[in-house]
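Peer 1: Dropping in query.txt, with compact mmCIF, C-alpha atoms.
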```
# COMPACT_ATOMS: atom_id res chain seq x y z
CA MET A 4 30.26 -9.13 -11.98
CA SER A 5 30.88 -8.79 -15.66
CA ARG A 6 31.07 -5.39 -17.24
CA GLU A 7 28.27 -5.17 -19.77
CA THR A 8 26.79 -2.46 -21.89
CA ARG A 9 23.26 -1.41 -21.15
CA SER A 10 20.70 -3.42 -23.09
CA THR A 11 17.80 -1.88 -25.02
CA ALA A 12 15.40 -3.22 -22.39
CA GLU A 13 17.32 -1.45 -19.66
CA TRP A 14 17.30 1.77 -21.64
CA ILE A 15 13.54 1.53 -22.02
CA SER A 16 12.94 1.02 -18.31
CA LEU A 17 15.27 3.90 -17.56
CA VAL A 18 13.41 6.20 -19.94
CA ILE A 19 10.02 5.17 -18.52
CA SER A 20 11.33 5.67 -14.97
CA ILE A 21 12.63 9.12 -15.78
CA GLY A 22 9.30 9.97 -17.42
CA LEU A 23 7.36 8.76 -14.40
CA LEU A 24 9.50 10.63 -11.90
CA SER A 25 9.42 13.79 -14.00
CA CYS A 26 5.61 13.62 -13.89
CA LEU A 27 5.71 13.24 -10.10
CA VAL A 28 8.24 16.01 -9.59
CA GLY A 29 6.40 18.18 -12.12
CA LEU A 30 3.09 17.70 -10.32
CA ILE A 31 4.71 18.63 -7.02
CA GLY A 32 6.21 21.72 -8.65
CA TRP A 33 2.81 22.64 -10.03
CA LEU A 34 1.33 22.27 -6.53
CA TRP A 35 4.03 24.49 -5.15
CA VAL A 36 3.42 27.22 -7.71
CA THR A 37 -0.34 27.16 -7.33
CA GLU A 38 -0.26 26.69 -3.57
CA GLY A 39 -2.14 29.36 -1.69
CA ASP A 40 -2.25 30.10 1.99
CA GLN A 41 -5.94 30.79 2.44
CA PRO A 42 -7.24 29.63 5.82
CA ALA A 43 -9.94 26.98 5.81
CA GLN A 44 -13.38 28.15 4.72
CA PHE A 45 -16.42 25.96 4.53
CA ARG A 46 -19.35 25.46 2.23
CA LEU A 47 -22.24 23.10 2.89
CA GLU A 48 -24.18 21.26 0.26
CA LEU A 49 -27.41 19.61 1.32
CA GLY A 50 -28.18 16.15 0.06
CA GLN A 51 -31.03 13.71 0.40
CA VAL A 52 -33.23 13.21 3.44
CA ARG A 53 -33.97 9.59 4.34
CA GLN A 54 -36.64 8.71 6.84
CA VAL A 55 -35.95 5.71 9.03
CA GLU A 56 -38.92 5.06 11.32
CA GLN A 57 -39.32 8.29 13.36
CA GLN A 58 -35.94 9.74 12.46
CA PHE A 59 -34.74 11.82 9.54
CA TYR A 60 -31.24 11.36 8.18
CA LEU A 61 -29.90 14.35 6.29
CA ASP A 62 -26.79 13.80 4.17
CA LEU A 63 -24.66 16.81 3.53
CA THR A 64 -21.32 17.46 1.92
CA VAL A 65 -18.85 19.75 3.63
CA HIS A 66 -16.40 21.48 1.30
CA ASN A 67 -13.24 23.17 2.47
CA ASP A 68 -12.60 25.86 -0.15
CA GLY A 69 -9.53 27.21 1.63
CA ASP A 70 -5.97 26.01 1.08
CA ARG A 71 -5.17 25.00 4.63
CA ALA A 72 -6.50 21.90 6.35
CA ALA A 73 -8.90 22.08 9.27
CA ALA A 74 -9.22 19.64 12.17
CA ALA A 75 -12.17 18.96 14.49
CA VAL A 76 -14.63 20.64 12.14
CA GLU A 77 -17.93 20.85 13.97
CA ILE A 78 -21.21 20.97 12.07
CA VAL A 79 -24.40 21.77 13.94
CA GLY A 80 -27.94 21.55 12.68
CA SER A 81 -30.69 23.25 14.74
CA LEU A 82 -34.34 22.46 14.36
CA ASP A 83 -37.01 23.62 16.82
CA ASP A 84 -34.65 24.07 19.77
CA LEU A 85 -33.08 20.67 19.18
CA GLN A 86 -29.55 20.32 17.95
CA SER A 87 -27.81 17.62 15.97
CA ASN A 88 -24.11 17.77 15.48
CA VAL A 89 -21.23 15.92 13.92
CA THR A 90 -17.45 16.47 14.01
CA LEU A 91 -14.96 15.80 11.24
CA ASP A 92 -11.48 14.73 12.36
CA LEU A 93 -9.65 16.28 9.44
CA LEU A 94 -10.70 18.12 6.31
CA PRO A 95 -7.73 19.03 4.07
CA GLY A 96 -7.78 22.09 1.83
CA HIS A 97 -9.90 21.82 -1.33
CA ALA A 98 -11.35 18.58 -0.07
CA GLU A 99 -14.89 17.49 0.68
CA GLN A 100 -16.46 14.96 2.95
CA THR A 101 -19.97 13.68 3.37
CA VAL A 102 -21.58 13.63 6.81
CA THR A 103 -25.03 12.79 8.09
CA LEU A 104 -27.10 14.65 10.69
CA ILE A 105 -30.03 12.91 12.33
CA PHE A 106 -33.19 14.79 13.34
CA ASN A 107 -36.43 13.85 15.07
CA SER A 108 -38.60 15.69 12.57
CA ASP A 109 -38.35 16.67 8.92
CA PRO A 110 -35.28 18.91 8.62
CA GLN A 111 -36.63 21.03 5.73
CA SER A 112 -36.37 24.16 7.85
CA ALA A 113 -33.28 23.18 9.84
CA LYS A 114 -30.46 25.69 10.15
CA ILE A 115 -27.15 24.04 9.46
CA ALA A 116 -23.76 25.64 9.97
CA VAL A 117 -20.10 24.89 10.55
CA VAL A 118 -19.51 26.37 13.97
CA GLY A 119 -15.80 25.87 14.54
CA TYR A 120 -12.57 24.06 13.81
CA SER A 121 -8.98 23.88 15.02
CA GLU A 122 -5.65 24.06 13.21
CA PRO A 123 -4.40 20.53 12.60
CA MET B 4 17.35 -9.56 -22.71
CA TRP B 5 13.68 -8.60 -22.19
CA ARG B 6 13.17 -11.52 -19.87
CA ARG B 7 16.09 -10.53 -17.73
CA GLU B 8 15.04 -6.90 -17.49
CA PHE B 9 11.53 -8.01 -16.54
CA ASP B 10 13.02 -10.29 -13.87
CA ASP B 11 15.07 -7.44 -12.44
CA LEU B 12 12.06 -5.14 -12.27
CA LEU B 13 9.92 -7.83 -10.61
CA ASN B 14 12.74 -8.43 -8.16
CA GLY B 15 12.61 -4.75 -7.25
CA ILE B 16 8.82 -4.81 -6.90
CA ALA B 17 8.99 -7.87 -4.61
CA GLY B 18 11.52 -6.05 -2.42
CA ALA B 19 9.29 -2.97 -2.31
CA PHE B 20 6.34 -4.95 -0.98
CA LEU B 21 8.42 -6.89 1.55
CA PHE B 22 9.88 -3.76 3.05
CA GLY B 23 7.04 -1.31 2.46
CA ILE B 24 3.94 -3.21 3.54
CA PRO B 25 4.08 -2.42 7.29
CA LEU B 26 4.19 1.31 6.58
CA LEU B 27 1.47 1.00 3.95
CA TYR B 28 -0.74 -0.19 6.81
CA THR B 29 0.05 2.71 9.10
CA MET B 30 -2.55 5.42 9.53
CA GLU B 31 -0.03 7.94 10.81
CA VAL B 32 1.87 7.74 7.54
CA TRP B 33 -1.32 8.46 5.57
CA ASP B 34 -2.10 11.41 7.83
CA ILE B 35 1.39 12.86 7.76
CA GLY B 36 1.42 12.36 3.99
CA SER B 37 -1.83 14.35 3.64
CA ASP B 38 -0.19 17.28 5.31
CA LEU B 39 3.13 17.54 3.44
CA THR B 40 4.12 20.75 1.74
CA PRO B 41 5.48 20.52 -1.84
CA LEU B 42 8.92 21.52 -0.56
CA HIS B 43 8.96 18.57 1.84
CA MET B 44 7.77 16.21 -0.88
CA LEU B 45 10.70 17.16 -3.10
CA LEU B 46 13.09 17.01 -0.16
CA TYR B 47 11.94 13.50 0.80
CA LEU B 48 12.21 12.25 -2.78
CA GLY B 49 15.73 13.68 -2.95
CA LEU B 50 16.74 12.09 0.36
CA THR B 51 15.37 8.74 -0.74
CA TYR B 52 17.34 9.02 -3.97
CA VAL B 53 20.57 9.65 -2.04
CA ALA B 54 19.86 6.64 0.20
CA LEU B 55 19.16 4.53 -2.89
CA VAL B 56 22.46 5.45 -4.52
CA ALA B 57 24.23 4.28 -1.36
CA LEU B 58 22.16 1.08 -1.26
CA ASN B 59 22.76 0.42 -4.93
CA ARG B 60 26.49 0.52 -4.30
CA ALA B 61 25.95 -2.32 -1.82
CA THR B 62 23.06 -4.45 -3.09
CA GLY B 63 20.52 -2.98 -5.51
CA PHE B 64 17.83 -4.86 -7.41
CA ARG B 65 19.60 -5.90 -10.62
CA ARG B 66 21.12 -9.33 -10.40
CA ASN B 67 24.02 -9.19 -12.79
CA SER B 68 25.21 -5.69 -13.28
CA ASP B 69 28.55 -4.03 -13.08
CA GLU B 70 28.93 -1.64 -10.20
CA THR B 71 29.90 1.60 -11.83
CA TRP B 72 28.84 4.95 -10.50
CA SER B 73 26.75 5.75 -13.55
CA ARG B 74 24.97 2.44 -13.10
CA SER B 75 24.22 3.20 -9.44
CA LEU B 76 22.90 6.62 -10.35
CA THR B 77 20.54 5.35 -13.06
CA ASP B 78 19.46 2.23 -11.15
CA SER B 79 18.48 4.50 -8.30
CA ILE B 80 16.22 6.50 -10.61
CA GLU B 81 14.50 3.29 -11.61
CA ALA B 82 14.26 2.14 -7.98
CA LEU B 83 12.59 5.41 -7.03
CA ALA B 84 10.13 5.09 -9.91
CA LEU B 85 9.33 1.47 -8.99
CA GLY B 86 8.85 2.51 -5.37
CA ALA B 87 6.44 5.24 -6.44
CA LEU B 88 4.52 2.76 -8.61
CA VAL B 89 4.23 0.23 -5.78
CA ALA B 90 3.21 2.96 -3.31
CA GLY B 91 0.60 4.38 -5.70
CA PHE B 92 -0.76 0.94 -6.57
CA SER B 93 -1.03 -0.12 -2.91
CA LEU B 94 -2.67 3.11 -1.82
CA ILE B 95 -5.27 2.69 -4.57
CA ILE B 96 -5.87 -0.97 -3.68
CA LEU B 97 -6.35 -0.03 -0.02
CA GLN B 98 -8.51 2.94 -1.10
CA ARG B 99 -6.28 5.39 0.75
CA ILE B 100 -6.27 7.55 -2.36
CA THR B 101 -9.39 8.12 -4.35
CA PHE B 102 -9.89 10.67 -7.05
CA ASP B 103 -12.13 12.94 -5.02
CA LEU B 104 -9.18 13.84 -2.77
CA ALA B 105 -7.22 17.03 -3.23
CA TYR B 106 -4.08 16.69 -5.36
CA ASP B 107 -1.69 17.64 -2.58
CA VAL B 108 -3.18 14.94 -0.33
CA ILE B 109 -2.81 12.30 -3.06
CA LEU B 110 0.75 13.34 -3.91
CA GLY B 111 1.80 13.66 -0.28
CA LYS B 112 0.62 10.15 0.55
CA ILE B 113 2.32 8.71 -2.52
CA VAL B 114 5.59 10.51 -1.80
CA LEU B 115 5.72 9.44 1.84
CA GLU B 116 4.89 5.80 1.07
CA THR B 117 7.37 5.86 -1.81
CA MET B 118 10.20 6.22 0.71
CA PRO B 119 9.99 2.74 2.32
CA CYS B 120 8.92 1.10 -0.95
CA ALA B 121 11.87 2.52 -2.89
CA ILE B 122 14.27 1.52 -0.10
CA GLY B 123 12.81 -1.99 -0.41
CA VAL B 124 13.61 -1.93 -4.14
CA GLY B 125 17.16 -0.86 -3.34
CA MET B 126 17.55 -3.79 -0.96
CA ALA B 127 15.77 -6.36 -3.14
CA ASN B 128 18.88 -8.43 -3.76
CA GLY B 129 19.73 -8.53 -0.09
CA LEU B 130 16.16 -9.49 0.82
CA LEU B 131 15.49 -12.04 -1.89
CA ARG B 132 18.58 -13.58 -3.32
CA ARG B 133 19.19 -17.12 -2.19
CA GLU B 134 22.62 -18.55 -1.98
CA ALA B 135 23.67 -21.46 -4.16
CA ASN B 136 24.36 -23.83 -1.26
CA ASP B 137 20.86 -23.18 -0.03
CA GLU B 138 19.65 -24.74 -3.26
CA GLN B 139 21.62 -27.91 -2.70
CA GLU B 140 20.40 -28.20 0.81
CA ALA B 141 16.84 -27.86 -0.41
CA GLU B 142 17.23 -30.67 -2.88
CA GLN B 143 18.14 -33.05 -0.14
CA ARG B 144 14.91 -32.45 1.68
CA ARG B 145 12.21 -35.02 1.52
CA PHE B 146 8.70 -34.31 0.36
CA TRP B 147 6.95 -33.90 3.70
CA HIS B 148 9.89 -32.28 5.33
CA ALA B 149 10.01 -29.68 2.56
CA THR B 150 6.27 -29.12 2.84
CA LEU B 151 6.48 -28.72 6.60
CA VAL B 152 9.39 -26.31 6.42
CA ASP B 153 7.63 -24.14 3.84
CA ALA B 154 4.31 -24.26 5.65
CA GLY B 155 6.10 -23.45 8.91
CA GLY B 156 7.92 -20.52 7.34
CA THR B 157 4.65 -19.20 5.96
CA MET B 158 2.94 -19.50 9.35
CA LEU B 159 5.84 -17.82 11.08
CA GLY B 160 6.00 -14.91 8.64
CA ALA B 161 2.23 -14.48 8.44
CA THR B 162 1.96 -14.51 12.24
CA VAL B 163 4.77 -12.02 12.78
CA VAL B 164 3.26 -9.55 10.31
CA GLY B 165 -0.27 -10.40 11.43
CA LEU B 166 0.63 -9.74 15.08
CA SER B 167 2.09 -6.36 14.24
CA ILE B 168 -0.91 -5.17 12.23
CA ALA B 169 -3.93 -7.02 13.69
CA PRO B 170 -4.18 -5.07 16.99
CA THR B 171 -4.09 -1.67 15.25
CA ASP B 172 -7.05 0.26 13.87
CA GLU B 173 -5.87 0.20 10.27
CA VAL B 174 -7.58 -3.06 9.35
CA GLY B 175 -10.94 -1.74 10.50
CA VAL B 176 -10.43 1.65 8.89
CA ILE B 177 -9.53 0.11 5.55
CA ALA B 178 -12.23 -2.56 5.73
CA ALA B 179 -14.89 0.02 6.54
CA SER B 180 -14.13 2.08 3.46
CA LEU B 181 -14.26 -0.76 0.93
CA PRO B 182 -17.25 -1.86 -1.14
CA PRO B 183 -17.64 -5.68 -0.98
CA TRP B 184 -16.55 -6.31 -4.58
CA TRP B 185 -13.28 -4.49 -3.85
CA LEU B 186 -12.27 -7.46 -1.66
CA TRP B 187 -11.81 -9.48 -4.85
CA LEU B 188 -9.28 -6.92 -5.99
CA ILE B 189 -7.44 -7.22 -2.67
CA MET B 190 -7.43 -11.01 -2.97
CA ALA B 191 -6.14 -10.78 -6.53
CA ALA B 192 -3.45 -8.33 -5.45
CA SER B 193 -2.44 -10.56 -2.51
CA LEU B 194 -2.04 -13.57 -4.79
CA LEU B 195 -0.20 -11.54 -7.41
CA ILE B 196 2.24 -9.99 -4.93
CA SER B 197 2.85 -13.33 -3.22
CA TYR B 198 3.44 -14.95 -6.61
CA VAL B 199 5.90 -12.25 -7.64
CA ILE B 200 7.90 -12.69 -4.42
CA VAL B 201 7.91 -16.49 -4.68
CA PHE B 202 8.76 -16.42 -8.36
CA GLN B 203 11.58 -13.96 -7.80
CA ALA B 204 13.06 -15.88 -4.91
CA GLU B 205 13.13 -19.16 -6.79
CA PHE B 206 13.37 -18.49 -10.48
CA GLY B 207 14.65 -15.00 -10.86
CA ASP B 208 18.13 -15.97 -11.82
CA HIS B 209 17.00 -18.68 -14.23
CA GLN B 210 18.08 -21.24 -11.73
CA GLN B 211 16.92 -24.78 -12.20
CA ARG B 212 13.69 -25.76 -10.53
CA ARG B 213 14.32 -27.58 -7.34
CA ARG B 214 12.99 -31.07 -7.22
CA GLU B 215 11.17 -32.67 -4.32
CA ARG B 216 9.88 -29.51 -2.81
CA GLY B 217 6.72 -31.04 -1.43
CA LEU B 218 3.29 -29.53 -1.71
CA PHE B 219 4.78 -26.13 -2.42
CA GLN B 220 6.05 -27.52 -5.66
CA SER B 221 4.99 -25.18 -8.41
CA PRO B 222 4.90 -21.43 -7.92
CA LEU B 223 1.14 -21.43 -8.49
CA SER B 224 0.32 -24.07 -5.87
CA GLU B 225 2.84 -22.49 -3.51
CA THR B 226 1.13 -19.12 -3.92
CA ILE B 227 -2.36 -20.49 -3.31
CA ALA B 228 -1.35 -22.74 -0.42
CA SER B 229 0.53 -19.92 1.28
CA TYR B 230 -2.37 -17.50 0.74
CA ILE B 231 -4.75 -19.90 2.45
CA ILE B 232 -2.36 -20.41 5.36
CA SER B 233 -1.92 -16.63 5.62
CA LEU B 234 -5.69 -16.05 5.67
CA VAL B 235 -6.08 -18.60 8.47
CA PHE B 236 -3.36 -16.92 10.50
CA ALA B 237 -4.77 -13.48 9.77
CA LEU B 238 -8.06 -14.73 11.20
CA VAL B 239 -6.33 -16.23 14.24
CA THR B 240 -4.39 -13.07 15.07
CA LEU B 241 -7.52 -10.94 14.64
CA ARG B 242 -9.31 -13.24 17.09
CA VAL B 243 -6.41 -13.15 19.54
CA PHE B 244 -6.57 -9.35 19.68
CA ASN B 245 -10.34 -9.37 20.02
CA GLN B 246 -10.84 -7.54 16.75
CA LEU B 247 -13.29 -10.32 15.99
CA GLY B 248 -15.46 -11.75 18.72
CA ALA B 249 -18.63 -13.70 19.28
CA GLY B 250 -20.82 -10.77 18.29
CA THR B 251 -19.04 -10.01 15.05
CA SER B 252 -21.00 -10.40 11.84
CA LEU B 253 -19.77 -12.86 9.24
CA HIS B 254 -19.50 -9.92 6.88
CA GLN B 255 -16.96 -8.21 9.14
CA VAL B 256 -15.01 -11.44 9.67
CA ILE B 257 -14.59 -11.79 5.89
CA ASP B 258 -13.73 -8.09 5.44
CA TYR B 259 -11.10 -8.03 8.16
CA THR B 260 -9.53 -11.35 7.23
CA ILE B 261 -9.05 -10.43 3.59
CA VAL B 262 -7.73 -6.95 4.40
CA LEU B 263 -5.20 -8.41 6.86
CA GLY B 264 -4.57 -11.30 4.45
CA LEU B 265 -2.62 -9.00 2.13
CA PRO B 266 0.21 -8.11 4.54
CA ALA B 267 0.03 -11.59 6.09
CA THR B 268 0.69 -13.26 2.76
CA VAL B 269 3.60 -10.90 2.08
CA GLY B 270 4.91 -11.82 5.55
CA GLY B 271 4.35 -15.47 4.74
CA ALA B 272 6.41 -15.17 1.58
CA ALA B 273 9.16 -13.46 3.58
CA GLY B 274 8.96 -16.21 6.17
CA ARG B 275 9.51 -18.90 3.53
CA LEU B 276 12.56 -17.03 2.33
CA ALA B 277 13.90 -16.81 5.86
CA VAL B 278 13.71 -20.50 6.83
```
Represent the structure from my file as structure tokens, please.

Peer 2:
Amino acid sequence: MSRETRSTAEWISLVISIGLLSCLVGLIGWLWVTEGDQPAQFRLELGQVRQVEQQFYLDLTVHNDGDRAAAAVEIVGSLDDLQSNVTLDLLPGHAEQTVTLIFNSDPQSAKIAVVGYSEP
Amino acid sequence: MWRREFDDLLNGIAGAFLFGIPLLYTMEVWDIGSDLTPLHMLLYLGLTYVALVALNRATGFRRNSDETWSRSLTDSIEALALGALVAGFSLIILQRITFDLAYDVILGKIVLETMPCAIGVGMANGLLRREANDEQEAEQRRFWHATLVDAGGTMLGATVVGLSIAPTDEVGVIAASLPPWWLWLIMAASLLISYVIVFQAEFGDHQQRRRERGLFQSPLSETIASYIISLVFALVTLRVFNQLGAGTSLHQVIDYTIVLGLPATVGGAAGRLAV
């Protein structure tokens, strides 16, 4: 183990490393400062309807506009006394996920809502 | 000078993959990462840094450096940054982070996976450095013997890692979220990582090439041969655990095999180092 002075190359990797970690730590700090504690709240965005034989597939995007995550988010679509539902395992705060509900007739007039969730 | 620094950094990256890959394929770590508060993220980074300073006193990732305190402190910064790079890269390759995720989810996953990866960087010398007498022993081997030993090591390593990941749900979860062309990226990453590990284990210290090393003679042919062996053993372990059966589509067989091929080839490289 010889005692050597730090080479230019080593200085450069050190500077880049410090830069990279500062970005990471800075981003975390920014998260911390801007972090809210709003409970989960949902917004639904309807997408395309695809017809496959006699069934209608409705894509929709579920947004969680709150800060806290939600687990077991249940989405129910009702159409003429028939219900279609789907459950999301986990939807973190400010995240979105696309789900699909399947109906037996054209879901133009379907009522779709998030009906419940649990704390993760 | 540049060459040596590059070697040291690659050495660290190889260590990160060797040590970090099992946790990169663990769903629980992704989930826990998604749920970290900023305070915990900073705390975990700090803890990892402390562990790295201790590791750097003992092994570290630079091959020829003096062991002063200031050196340990700065090397640990670099190890942490390398760990974060490897964690971020792997999570992107496995599509565990995409840009439609919330920032805290992305950062949390990166921070949590950075822990094992950075520890791997800190242990790189211990994991990868071969002793000088090992070299001499290797030179005495005959062609087929050398080939068999390397192939055996690859099979052993690939099977051990394959067995620990194949029965879990991660392979399916990752495979299901990937578009087909993404598999090329995973293959490229597997070959690249395997090459880096092989290259570091054999050439990192500018040691002379060994002669008579059999079919695994050049780093390139060694990388490709070991990748193929690893894919075969990934396929075998998937079959053993019934992840693939008679009713499985060819599409799924290819998906699963290539997704498991990445950790298997890292395991294979580790196996060759171990024998």

Peer 1: Considering all atoms listed in the file, extract the chain B residues located within 8 Å of chain A and return them as a PyMOL selection string.

Peer 2: chain B and resi 4-5+8+37-38+40-42+44-45+67-70+77-78+80-81+83-85+103-108+110

Peer 1: Can you pull out the residues contacting region 14-23 of chain B? Cut-off 7 Å, using all atoms listed in the file, and skip same-chain residues under 3 positions away; I want them as number ranges by chain.

Peer 2: B: 10-11, 26-27, 64, 85-86, 89, 119-121, 123-124, 126-127, 130, 199-200, 203, 269, 273

Peer 1: Would you kindly identify which residues have an atom no farther than 6 Å from (-23.6, 24.6, 13.1), using only C-alpha atoms and the file's own coordinates, and write them out as a list in words?

Peer 2: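 Every residue inside that radius is included here: Ile78, Val79, Gly80, Ile115, Ala116, Val117 and Val118 of chain A.
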
Peer 1: Distance CA of Thr29 (chain B)-CA of Leu265 (chain B), one decimal place?

Peer 2: 13.9 Å

Peer 1: What separation in Å, quoted to one decimal, exists between CA of Asp70 (chain A) and CA of Leu94 (chain B)?

Peer 2: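 Spanning CA of Asp70 (chain A) to CA of Leu94 (chain B) is a straight-line distance of 23.3 Å.
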
Peer 1: Just checking: using only C-alpha atoms, which residue out of A:Gln58, A:Gln86, A:Thr101, A:Gln51 ends up closest to Ala113 (chain A)?

Peer 2: A:Gln86

Peer 1: Which residue out of B:Val174, B:Thr260, B:Ser229, B:Ala169 has the minimum interatomic distance to Val243 (chain B) when only C-alpha atoms are used?

Peer 2: B:Ala169

Peer 1: What would the file be for region 51-59 of chain A if you keep all heavy atoms and write it as a PDB file, in the first residue's frame?

Peer 2:
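Result written to selection-v8.pdb:
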```pdb
ATOM      1  N   GLN A  51     -60.942   5.137 -23.646  1.00  0.00           N
ATOM      2  CA  GLN A  51     -61.609   4.545 -24.802  1.00  0.00           C
ATOM      3  C   GLN A  51     -62.488   3.351 -24.415  1.00  0.00           C
ATOM      4  O   GLN A  51     -62.228   2.674 -23.430  1.00  0.00           O
ATOM      5  CB  GLN A  51     -60.542   4.029 -25.776  1.00  0.00           C
ATOM      6  CG  GLN A  51     -59.663   5.110 -26.356  1.00  0.00           C
ATOM      7  CD  GLN A  51     -60.426   5.988 -27.311  1.00  0.00           C
ATOM      8  OE1 GLN A  51     -61.206   5.473 -28.131  1.00  0.00           O
ATOM      9  NE2 GLN A  51     -60.257   7.288 -27.202  1.00  0.00           N
ATOM     10  N   VAL A  52     -63.520   3.119 -25.219  1.00  0.00           N
ATOM     11  CA  VAL A  52     -64.301   1.891 -25.089  1.00  0.00           C
ATOM     12  C   VAL A  52     -63.933   0.989 -26.262  1.00  0.00           C
ATOM     13  O   VAL A  52     -63.909   1.435 -27.405  1.00  0.00           O
ATOM     14  CB  VAL A  52     -65.818   2.177 -25.131  1.00  0.00           C
ATOM     15  CG1 VAL A  52     -66.601   0.876 -25.022  1.00  0.00           C
ATOM     16  CG2 VAL A  52     -66.195   3.124 -24.024  1.00  0.00           C
ATOM     17  N   ARG A  53     -63.595  -0.250 -25.965  1.00  0.00           N
ATOM     18  CA  ARG A  53     -63.327  -1.224 -27.031  1.00  0.00           C
ATOM     19  C   ARG A  53     -64.422  -2.264 -26.975  1.00  0.00           C
ATOM     20  O   ARG A  53     -64.806  -2.708 -25.899  1.00  0.00           O
ATOM     21  CB  ARG A  53     -61.995  -1.957 -26.773  1.00  0.00           C
ATOM     22  CG  ARG A  53     -60.765  -1.161 -27.040  1.00  0.00           C
ATOM     23  CD  ARG A  53     -59.551  -1.959 -26.604  1.00  0.00           C
ATOM     24  NE  ARG A  53     -59.421  -2.010 -25.148  1.00  0.00           N
ATOM     25  CZ  ARG A  53     -59.146  -3.106 -24.460  1.00  0.00           C
ATOM     26  NH1 ARG A  53     -58.975  -4.262 -25.081  1.00  0.00           N
ATOM     27  NH2 ARG A  53     -59.022  -3.078 -23.146  1.00  0.00           N
ATOM     28  N   GLN A  54     -64.922  -2.669 -28.122  1.00  0.00           N
ATOM     29  CA  GLN A  54     -65.910  -3.734 -28.114  1.00  0.00           C
ATOM     30  C   GLN A  54     -65.246  -5.022 -28.567  1.00  0.00           C
ATOM     31  O   GLN A  54     -64.624  -5.071 -29.621  1.00  0.00           O
ATOM     32  CB  GLN A  54     -67.082  -3.400 -29.032  1.00  0.00           C
ATOM     33  CG  GLN A  54     -68.188  -4.430 -28.882  1.00  0.00           C
ATOM     34  CD  GLN A  54     -69.398  -4.104 -29.734  1.00  0.00           C
ATOM     35  OE1 GLN A  54     -69.433  -3.093 -30.406  1.00  0.00           O
ATOM     36  NE2 GLN A  54     -70.385  -4.984 -29.699  1.00  0.00           N
ATOM     37  N   VAL A  55     -65.346  -6.048 -27.727  1.00  0.00           N
ATOM     38  CA  VAL A  55     -64.820  -7.354 -28.101  1.00  0.00           C
ATOM     39  C   VAL A  55     -65.992  -8.307 -28.063  1.00  0.00           C
ATOM     40  O   VAL A  55     -66.532  -8.595 -26.998  1.00  0.00           O
ATOM     41  CB  VAL A  55     -63.722  -7.816 -27.126  1.00  0.00           C
ATOM     42  CG1 VAL A  55     -63.190  -9.172 -27.550  1.00  0.00           C
ATOM     43  CG2 VAL A  55     -62.605  -6.794 -27.056  1.00  0.00           C
ATOM     44  N   GLU A  56     -66.426  -8.752 -29.223  1.00  0.00           N
ATOM     45  CA  GLU A  56     -67.643  -9.563 -29.370  1.00  0.00           C
ATOM     46  C   GLU A  56     -68.793  -8.881 -28.643  1.00  0.00           C
ATOM     47  O   GLU A  56     -69.099  -7.749 -28.925  1.00  0.00           O
ATOM     48  CB  GLU A  56     -67.380 -10.994 -28.883  1.00  0.00           C
ATOM     49  CG  GLU A  56     -66.469 -11.714 -29.870  1.00  0.00           C
ATOM     50  CD  GLU A  56     -65.932 -13.033 -29.367  1.00  0.00           C
ATOM     51  OE1 GLU A  56     -66.303 -13.446 -28.255  1.00  0.00           O
ATOM     52  OE2 GLU A  56     -65.148 -13.650 -30.091  1.00  0.00           O
ATOM     53  N   GLN A  57     -69.405  -9.529 -27.620  1.00  0.00           N
ATOM     54  CA  GLN A  57     -70.567  -8.911 -26.973  1.00  0.00           C
ATOM     55  C   GLN A  57     -70.176  -8.064 -25.763  1.00  0.00           C
ATOM     56  O   GLN A  57     -71.037  -7.573 -25.058  1.00  0.00           O
ATOM     57  CB  GLN A  57     -71.564  -9.994 -26.542  1.00  0.00           C
ATOM     58  CG  GLN A  57     -72.210 -10.710 -27.706  1.00  0.00           C
ATOM     59  CD  GLN A  57     -72.801  -9.744 -28.725  1.00  0.00           C
ATOM     60  OE1 GLN A  57     -73.603  -8.874 -28.390  1.00  0.00           O
ATOM     61  NE2 GLN A  57     -72.380  -9.859 -29.982  1.00  0.00           N
ATOM     62  N   GLN A  58     -68.881  -7.898 -25.519  1.00  0.00           N
ATOM     63  CA  GLN A  58     -68.504  -7.184 -24.310  1.00  0.00           C
ATOM     64  C   GLN A  58     -67.829  -5.851 -24.610  1.00  0.00           C
ATOM     65  O   GLN A  58     -67.192  -5.692 -25.656  1.00  0.00           O
ATOM     66  CB  GLN A  58     -67.573  -8.067 -23.481  1.00  0.00           C
ATOM     67  CG  GLN A  58     -68.300  -9.328 -23.054  1.00  0.00           C
ATOM     68  CD  GLN A  58     -67.693  -9.919 -21.827  1.00  0.00           C
ATOM     69  OE1 GLN A  58     -66.535 -10.311 -21.843  1.00  0.00           O
ATOM     70  NE2 GLN A  58     -68.457  -9.975 -20.752  1.00  0.00           N
ATOM     71  N   PHE A  59     -67.988  -4.929 -23.670  1.00  0.00           N
ATOM     72  CA  PHE A  59     -67.427  -3.593 -23.838  1.00  0.00           C
ATOM     73  C   PHE A  59     -66.358  -3.357 -22.781  1.00  0.00           C
ATOM     74  O   PHE A  59     -66.636  -3.498 -21.593  1.00  0.00           O
ATOM     75  CB  PHE A  59     -68.523  -2.538 -23.725  1.00  0.00           C
ATOM     76  CG  PHE A  59     -69.534  -2.620 -24.819  1.00  0.00           C
ATOM     77  CD1 PHE A  59     -70.576  -3.544 -24.757  1.00  0.00           C
ATOM     78  CD2 PHE A  59     -69.427  -1.797 -25.934  1.00  0.00           C
ATOM     79  CE1 PHE A  59     -71.504  -3.638 -25.778  1.00  0.00           C
ATOM     80  CE2 PHE A  59     -70.354  -1.887 -26.956  1.00  0.00           C
ATOM     81  CZ  PHE A  59     -71.385  -2.806 -26.884  1.00  0.00           C
TER      82      PHE A  59
END
```
